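Visitor: The file below is final_30.csv, CSV, C-alpha atoms:
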```csv
chain,number,residue,atom,x,y,z
Q,1002,MET,CA,105.6,48.4,-10.1
Q,1003,ALA,CA,102.9,51.0,-10.7
Q,1004,THR,CA,100.8,51.4,-7.6
Q,1005,ASP,CA,97.5,51.2,-9.4
Q,1006,GLY,CA,98.4,48.5,-11.9
Q,1007,TRP,CA,98.4,50.7,-15.0
Q,1008,ARG,CA,100.7,49.7,-17.9
Q,1009,VAL,CA,101.4,51.7,-21.0
Q,1010,ASP,CA,102.7,50.5,-24.4
Q,1011,CYS,CA,104.0,53.5,-26.3
Q,1012,TRP,CA,104.9,53.2,-30.0
Q,1013,PHE,CA,107.1,56.2,-31.0
Q,1014,ASP,CA,109.1,57.5,-33.9
Q,1015,PRO,CA,112.2,59.0,-32.3
Q,1016,SER,CA,112.4,61.9,-34.7
Q,1017,CYS,CA,109.1,63.4,-33.8
Q,1018,PRO,CA,109.3,66.4,-31.4
Q,1019,LEU,CA,105.6,66.2,-30.4
Q,1020,THR,CA,106.0,62.5,-29.7
Q,1021,TRP,CA,108.9,63.4,-27.4
Q,1022,LEU,CA,106.6,65.7,-25.4
Q,1023,THR,CA,104.2,62.8,-25.0
Q,1024,ALA,CA,107.1,60.6,-23.9
Q,1025,ARG,CA,108.2,63.2,-21.4
Q,1026,TRP,CA,104.7,63.1,-19.9
Q,1027,LEU,CA,104.8,59.3,-19.6
Q,1028,LEU,CA,108.2,59.4,-18.1
Q,1029,ARG,CA,107.0,61.9,-15.5
Q,1030,LEU,CA,104.2,59.5,-14.6
Q,1031,ALA,CA,106.6,56.5,-14.5
Q,1032,GLU,CA,109.1,58.4,-12.3
Q,1033,ARG,CA,106.2,58.8,-9.8
Q,1034,GLU,CA,105.5,55.1,-10.1
Q,1035,LEU,CA,102.0,55.7,-11.4
Q,1036,ILE,CA,102.6,53.6,-14.5
Q,1037,THR,CA,105.1,51.3,-16.1
Q,1038,VAL,CA,105.9,51.8,-19.8
Q,1039,ASP,CA,107.0,49.5,-22.6
Q,1040,TRP,CA,108.6,51.6,-25.4
Q,1041,GLN,CA,108.2,50.3,-28.9
Q,1042,LEU,CA,109.1,51.6,-32.3
Q,1043,MET,CA,107.1,52.9,-35.2
Q,1044,SER,CA,108.2,54.9,-38.2
Q,1045,LEU,CA,106.9,58.0,-40.0
Q,1046,SER,CA,108.8,56.8,-43.0
Q,1047,VAL,CA,106.7,53.6,-43.1
Q,1048,LEU,CA,103.5,55.5,-42.2
Q,1049,ASN,CA,103.8,57.8,-45.2
Q,1050,GLU,CA,105.5,55.7,-47.8
Q,1051,ASP,CA,102.4,55.1,-49.9
Q,1052,ARG,CA,101.2,58.7,-49.9
Q,1053,ASP,CA,101.4,60.9,-52.9
Q,1054,ASP,CA,102.4,63.9,-50.8
Q,1055,ASP,CA,105.3,64.0,-48.2
Q,1056,PRO,CA,103.9,65.4,-45.0
Q,1057,GLU,CA,107.3,65.2,-43.3
Q,1058,GLY,CA,109.2,66.9,-46.1
Q,1059,ASP,CA,111.7,64.1,-46.2
Q,1060,PRO,CA,112.4,63.1,-49.8
Q,1061,GLU,CA,115.8,61.8,-49.0
Q,1062,GLY,CA,114.5,59.3,-46.4
Q,1063,TYR,CA,116.5,60.9,-43.5
Q,1064,LEU,CA,113.9,59.9,-41.0
Q,1065,TRP,CA,114.8,56.3,-41.4
Q,1066,VAL,CA,118.2,57.0,-39.8
Q,1067,PRO,CA,117.2,57.5,-36.1
Q,1068,VAL,CA,114.6,54.8,-36.0
Q,1069,ARG,CA,117.1,52.3,-37.5
Q,1070,ILE,CA,119.7,53.2,-34.8
Q,1071,CYS,CA,116.9,52.7,-32.2
Q,1072,ALA,CA,116.1,49.3,-33.6
Q,1073,ALA,CA,119.8,48.3,-33.5
Q,1074,VAL,CA,120.0,49.5,-29.9
Q,1075,LEU,CA,116.9,47.5,-29.0
Q,1076,ASP,CA,118.1,44.4,-30.7
Q,1077,GLY,CA,121.5,44.4,-29.3
Q,1078,HIS,CA,121.1,46.0,-25.9
Q,1079,GLY,CA,117.5,45.7,-24.8
Q,1080,PRO,CA,114.6,48.0,-23.9
Q,1081,ALA,CA,116.3,49.9,-21.1
Q,1082,ALA,CA,119.1,50.9,-23.5
Q,1083,LEU,CA,116.5,52.0,-26.0
Q,1084,LEU,CA,115.0,54.3,-23.5
Q,1085,ARG,CA,118.4,55.7,-22.5
Q,1086,PHE,CA,119.2,56.4,-26.1
Q,1087,TYR,CA,115.8,58.0,-26.9
Q,1088,ARG,CA,116.3,60.3,-23.9
Q,1089,ALA,CA,119.8,61.1,-25.0
Q,1090,LEU,CA,118.5,62.1,-28.5
Q,1091,TRP,CA,116.4,64.8,-27.0
Q,1092,GLU,CA,117.4,65.8,-23.5
Q,1093,ARG,CA,119.7,68.9,-23.2
Q,1094,GLU,CA,120.9,71.3,-20.5
Q,1095,PRO,CA,118.0,73.3,-18.9
Q,1096,GLY,CA,117.2,76.5,-20.8
Q,1097,THR,CA,118.4,75.2,-24.2
Q,1098,GLU,CA,116.0,74.6,-27.1
Q,1099,ASN,CA,115.5,71.0,-28.2
Q,1100,ASP,CA,113.3,71.1,-31.3
Q,1101,TRP,CA,115.4,68.6,-33.1
Q,1102,LEU,CA,117.6,65.6,-32.3
Q,1103,ASN,CA,121.0,65.7,-30.7
Q,1104,ASP,CA,124.0,64.2,-32.6
Q,1105,PHE,CA,123.5,60.4,-32.9
Q,1106,THR,CA,127.0,59.4,-32.0
Q,1107,GLU,CA,127.1,61.7,-28.9
Q,1108,ALA,CA,123.7,60.4,-27.9
Q,1109,LEU,CA,125.0,56.8,-28.1
Q,1110,GLY,CA,127.9,57.8,-25.8
Q,1111,THR,CA,125.6,59.6,-23.4
Q,1112,ALA,CA,123.5,56.4,-23.2
Q,1113,GLY,CA,126.5,54.3,-22.6
Q,1114,LEU,CA,126.3,52.5,-25.9
Q,1115,PRO,CA,128.9,51.7,-28.6
Q,1116,ALA,CA,129.5,54.5,-31.1
Q,1117,ASP,CA,129.5,52.0,-34.0
Q,1118,LEU,CA,125.8,51.5,-33.7
Q,1119,VAL,CA,125.4,54.7,-35.6
Q,1120,ARG,CA,126.2,52.7,-38.8
Q,1121,ALA,CA,122.8,51.0,-38.4
Q,1122,GLY,CA,121.2,54.3,-39.6
Q,1123,GLU,CA,122.4,53.7,-43.1
Q,1124,SER,CA,121.5,50.0,-43.2
Q,1125,ASP,CA,118.2,48.2,-43.9
Q,1126,ALA,CA,119.1,45.3,-41.6
Q,1127,PHE,CA,116.5,46.2,-39.0
Q,1128,ASP,CA,113.8,47.5,-41.4
Q,1129,ALA,CA,111.7,44.3,-41.1
Q,1130,ALA,CA,111.7,44.5,-37.3
Q,1131,ILE,CA,110.7,48.2,-37.5
Q,1132,ARG,CA,107.9,47.4,-39.9
Q,1133,ALA,CA,106.6,44.6,-37.7
Q,1134,SER,CA,106.6,46.8,-34.6
Q,1135,HIS,CA,105.0,49.6,-36.5
Q,1136,ALA,CA,102.3,47.3,-37.8
Q,1137,ARG,CA,101.5,46.1,-34.3
Q,1138,GLY,CA,101.0,49.7,-33.1
Q,1139,VAL,CA,99.0,50.8,-36.1
Q,1140,ALA,CA,96.7,47.7,-35.9
Q,1141,LEU,CA,95.5,49.0,-32.5
Q,1142,VAL,CA,94.2,52.4,-33.9
Q,1143,GLY,CA,93.8,51.9,-37.6
Q,1144,PRO,CA,95.6,53.3,-40.6
Q,1145,GLY,CA,96.2,57.0,-41.4
Q,1146,LEU,CA,97.0,58.2,-37.9
Q,1147,GLY,CA,100.5,59.0,-36.6
Q,1148,THR,CA,103.0,58.9,-33.8
Q,1149,PRO,CA,102.7,58.2,-30.9
Q,1150,VAL,CA,100.3,55.3,-30.4
Q,1151,VAL,CA,99.6,54.8,-26.7
Q,1152,ARG,CA,97.9,51.7,-25.3
Q,1153,VAL,CA,96.7,51.9,-21.6
Q,1154,HIS,CA,95.7,48.7,-19.8
Q,1155,ASN,CA,95.3,47.5,-16.2
Q,1156,GLY,CA,94.3,44.4,-14.3
Q,1157,SER,CA,90.7,45.5,-14.1
Q,1158,GLY,CA,89.9,44.9,-17.7
Q,1159,VAL,CA,90.5,48.4,-19.2
Q,1160,ASP,CA,92.6,48.0,-22.4
Q,1161,ARG,CA,92.4,50.8,-25.0
Q,1162,ALA,CA,94.8,52.4,-27.5
Q,1163,PHE,CA,94.8,55.9,-28.8
Q,1164,PHE,CA,96.7,58.1,-31.3
Q,1165,GLY,CA,98.3,60.5,-28.9
Q,1166,PRO,CA,97.6,62.3,-26.7
Q,1167,VAL,CA,99.3,65.0,-28.7
Q,1168,ILE,CA,100.6,67.8,-26.5
Q,1169,THR,CA,102.5,70.9,-27.6
Q,1170,ALA,CA,104.6,71.8,-24.5
Q,1171,GLU,CA,106.0,69.9,-21.6
Q,1172,VAL,CA,103.5,69.6,-18.7
Q,1173,GLY,CA,104.2,69.9,-15.0
Q,1174,ASP,CA,103.3,67.3,-12.4
Q,1175,ASP,CA,99.8,68.6,-11.8
Q,1176,ASP,CA,98.9,68.8,-15.4
Q,1177,ALA,CA,100.6,65.4,-16.1
Q,1178,LEU,CA,98.4,63.8,-13.5
Q,1179,ARG,CA,95.3,65.6,-14.7
Q,1180,LEU,CA,95.9,64.5,-18.3
Q,1181,TRP,CA,96.6,60.9,-17.2
Q,1182,ARG,CA,93.3,60.8,-15.3
Q,1183,ALA,CA,91.4,62.1,-18.3
Q,1184,VAL,CA,93.0,59.5,-20.6
Q,1185,THR,CA,92.2,56.6,-18.3
Q,1186,GLU,CA,88.7,57.8,-17.7
Q,1187,LEU,CA,88.1,58.0,-21.5
Q,1188,ALA,CA,89.7,54.6,-21.9
Q,1189,ALA,CA,87.2,53.1,-19.5
Q,1190,VAL,CA,84.2,54.3,-21.7
Q,1191,ALA,CA,83.9,51.5,-24.2
Q,1192,PRO,CA,81.9,53.5,-26.9
Q,1193,PHE,CA,84.3,56.5,-26.8
Q,1194,THR,CA,86.1,56.9,-30.1
Q,1195,GLU,CA,87.5,60.4,-30.8
Q,1196,LEU,CA,88.0,63.8,-29.3
Q,1197,LYS,CA,89.8,66.5,-31.3
Q,1198,THR,CA,90.7,70.2,-31.1
Q,1199,PRO,CA,91.9,72.4,-33.9
Q,1200,GLY,CA,95.4,71.6,-33.0
Q,1201,LEU,CA,98.5,73.6,-33.9
Q,1202,ALA,CA,98.0,76.9,-35.8
```
What would you get if you wrote out this structure as structure tokens?
Guide:
Amino acid sequence: MATDGWRVDCWFDPSCPLTWLTARWLLRLAERELITVDWQLMSLSVLNEDRDDDPEGDPEGYLWVPVRICAAVLDGHGPAALLRFYRALWEREPGTENDWLNDFTEALGTAGLPADLVRAGESDAFDAAIRASHARGVALVGPGLGTPVVRVHNGSGVDRAFFGPVITAEVGDDDALRLWRAVTELAAVAPFTELKTPGLA
């Protein structure tokens, strides 16, 4: 259990590389027992389906595949297996680039899961569950934002959700803790709404 009582709910689309960096930040904090994390699914495909443009450049709907497999893993094997699979989708040997997902079947094997779960990527069987989870996350921050949605809450009455934080590189222990302190300080200020930088060039 986290020593200071902080819990985090993180809604993520498994295909987003920036979201993976946020997840790595949360995992670093969880490994130090500073927080506990509940991993939940959202979908860029759902987020963008009513837009006239296609910000993800995915006209074939490929981004449905990894989130559907994740939903099948969660449904059949539980949240711990979901996290194992998510990590296996992104984690690689030190020194190798990981700007896109690992092979789905190999990731299932790494996570100790049945290879036939890969077939869920081509099925709509879990789409209703994905949409429901997505809606729960989006309801906390409002429409038009993206992945991840991070909710921080503790036993002292602080309970806030944010889009992000969006980070562009993995952070070390000191910066991870500094960022966590900043997020929780902002979460405790009830009127606080938004803080942005120009972002990626």
Visitor: Would you mind telling me which residue in Q:Glu1034, Q:Glu1107, Q:Asp1128, Q:Glu1050 lies nearest to Q:Ala1073 when using all atoms listed in the file?
Guide: Q:Asp1128
Visitor: Using all atoms listed in the file, find the one residue out of Q:Ser1044, Q:Thr1185, Q:Ser1134, Q:Thr1111 that sits nearest to Q:Ser1016.
Guide: Q:Ser1044
Visitor: Which one of Q:Cys1011, Q:Ala1031, Q:Ile1036, Q:Leu1019 sits closest to Q:Thr1169 if you count only C-alpha atoms?
Guide: Q:Leu1019
Visitor: Rank Q:Val1159, Q:Ala1191, Q:Leu1048, Q:Val1119 by their smallest atom-to-atom distance to Q:Gly1143, using only C-alpha atoms, and report the top residue only.
Guide: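 Of the candidates, the smallest distance to Q:Gly1143 is held by Q:Leu1048.
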Visitor: Can you tell me how far atom CA of Q:Phe1105 sits from atom CA of Q:His1078, in Å to one decimal?
Guide: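 Atom CA of Q:His1078 lies at a distance of 16.2 Å from atom CA of Q:Phe1105.
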Visitor: Calculated over all atoms listed in the file, which of the candidates Q:Leu1030, Q:Arg1161, Q:Ala1072, Q:Leu1042 has the smallest distance to Q:Leu1141?
Guide: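 The shortest atom-to-atom distance to Q:Leu1141 comes from Q:Arg1161.
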Visitor: Interatomic distance between atom CA of Q:Ala1133 and atom CA of Q:Met1043?
Guide: 8.7 Å
Visitor: Looking at Q:Trp1181, Q:Phe1164, Q:Phe1127, Q:Trp1021, which one is nearest to Q:Asp1076, with distances taken over all atoms listed in the file?
Guide: Q:Phe1127
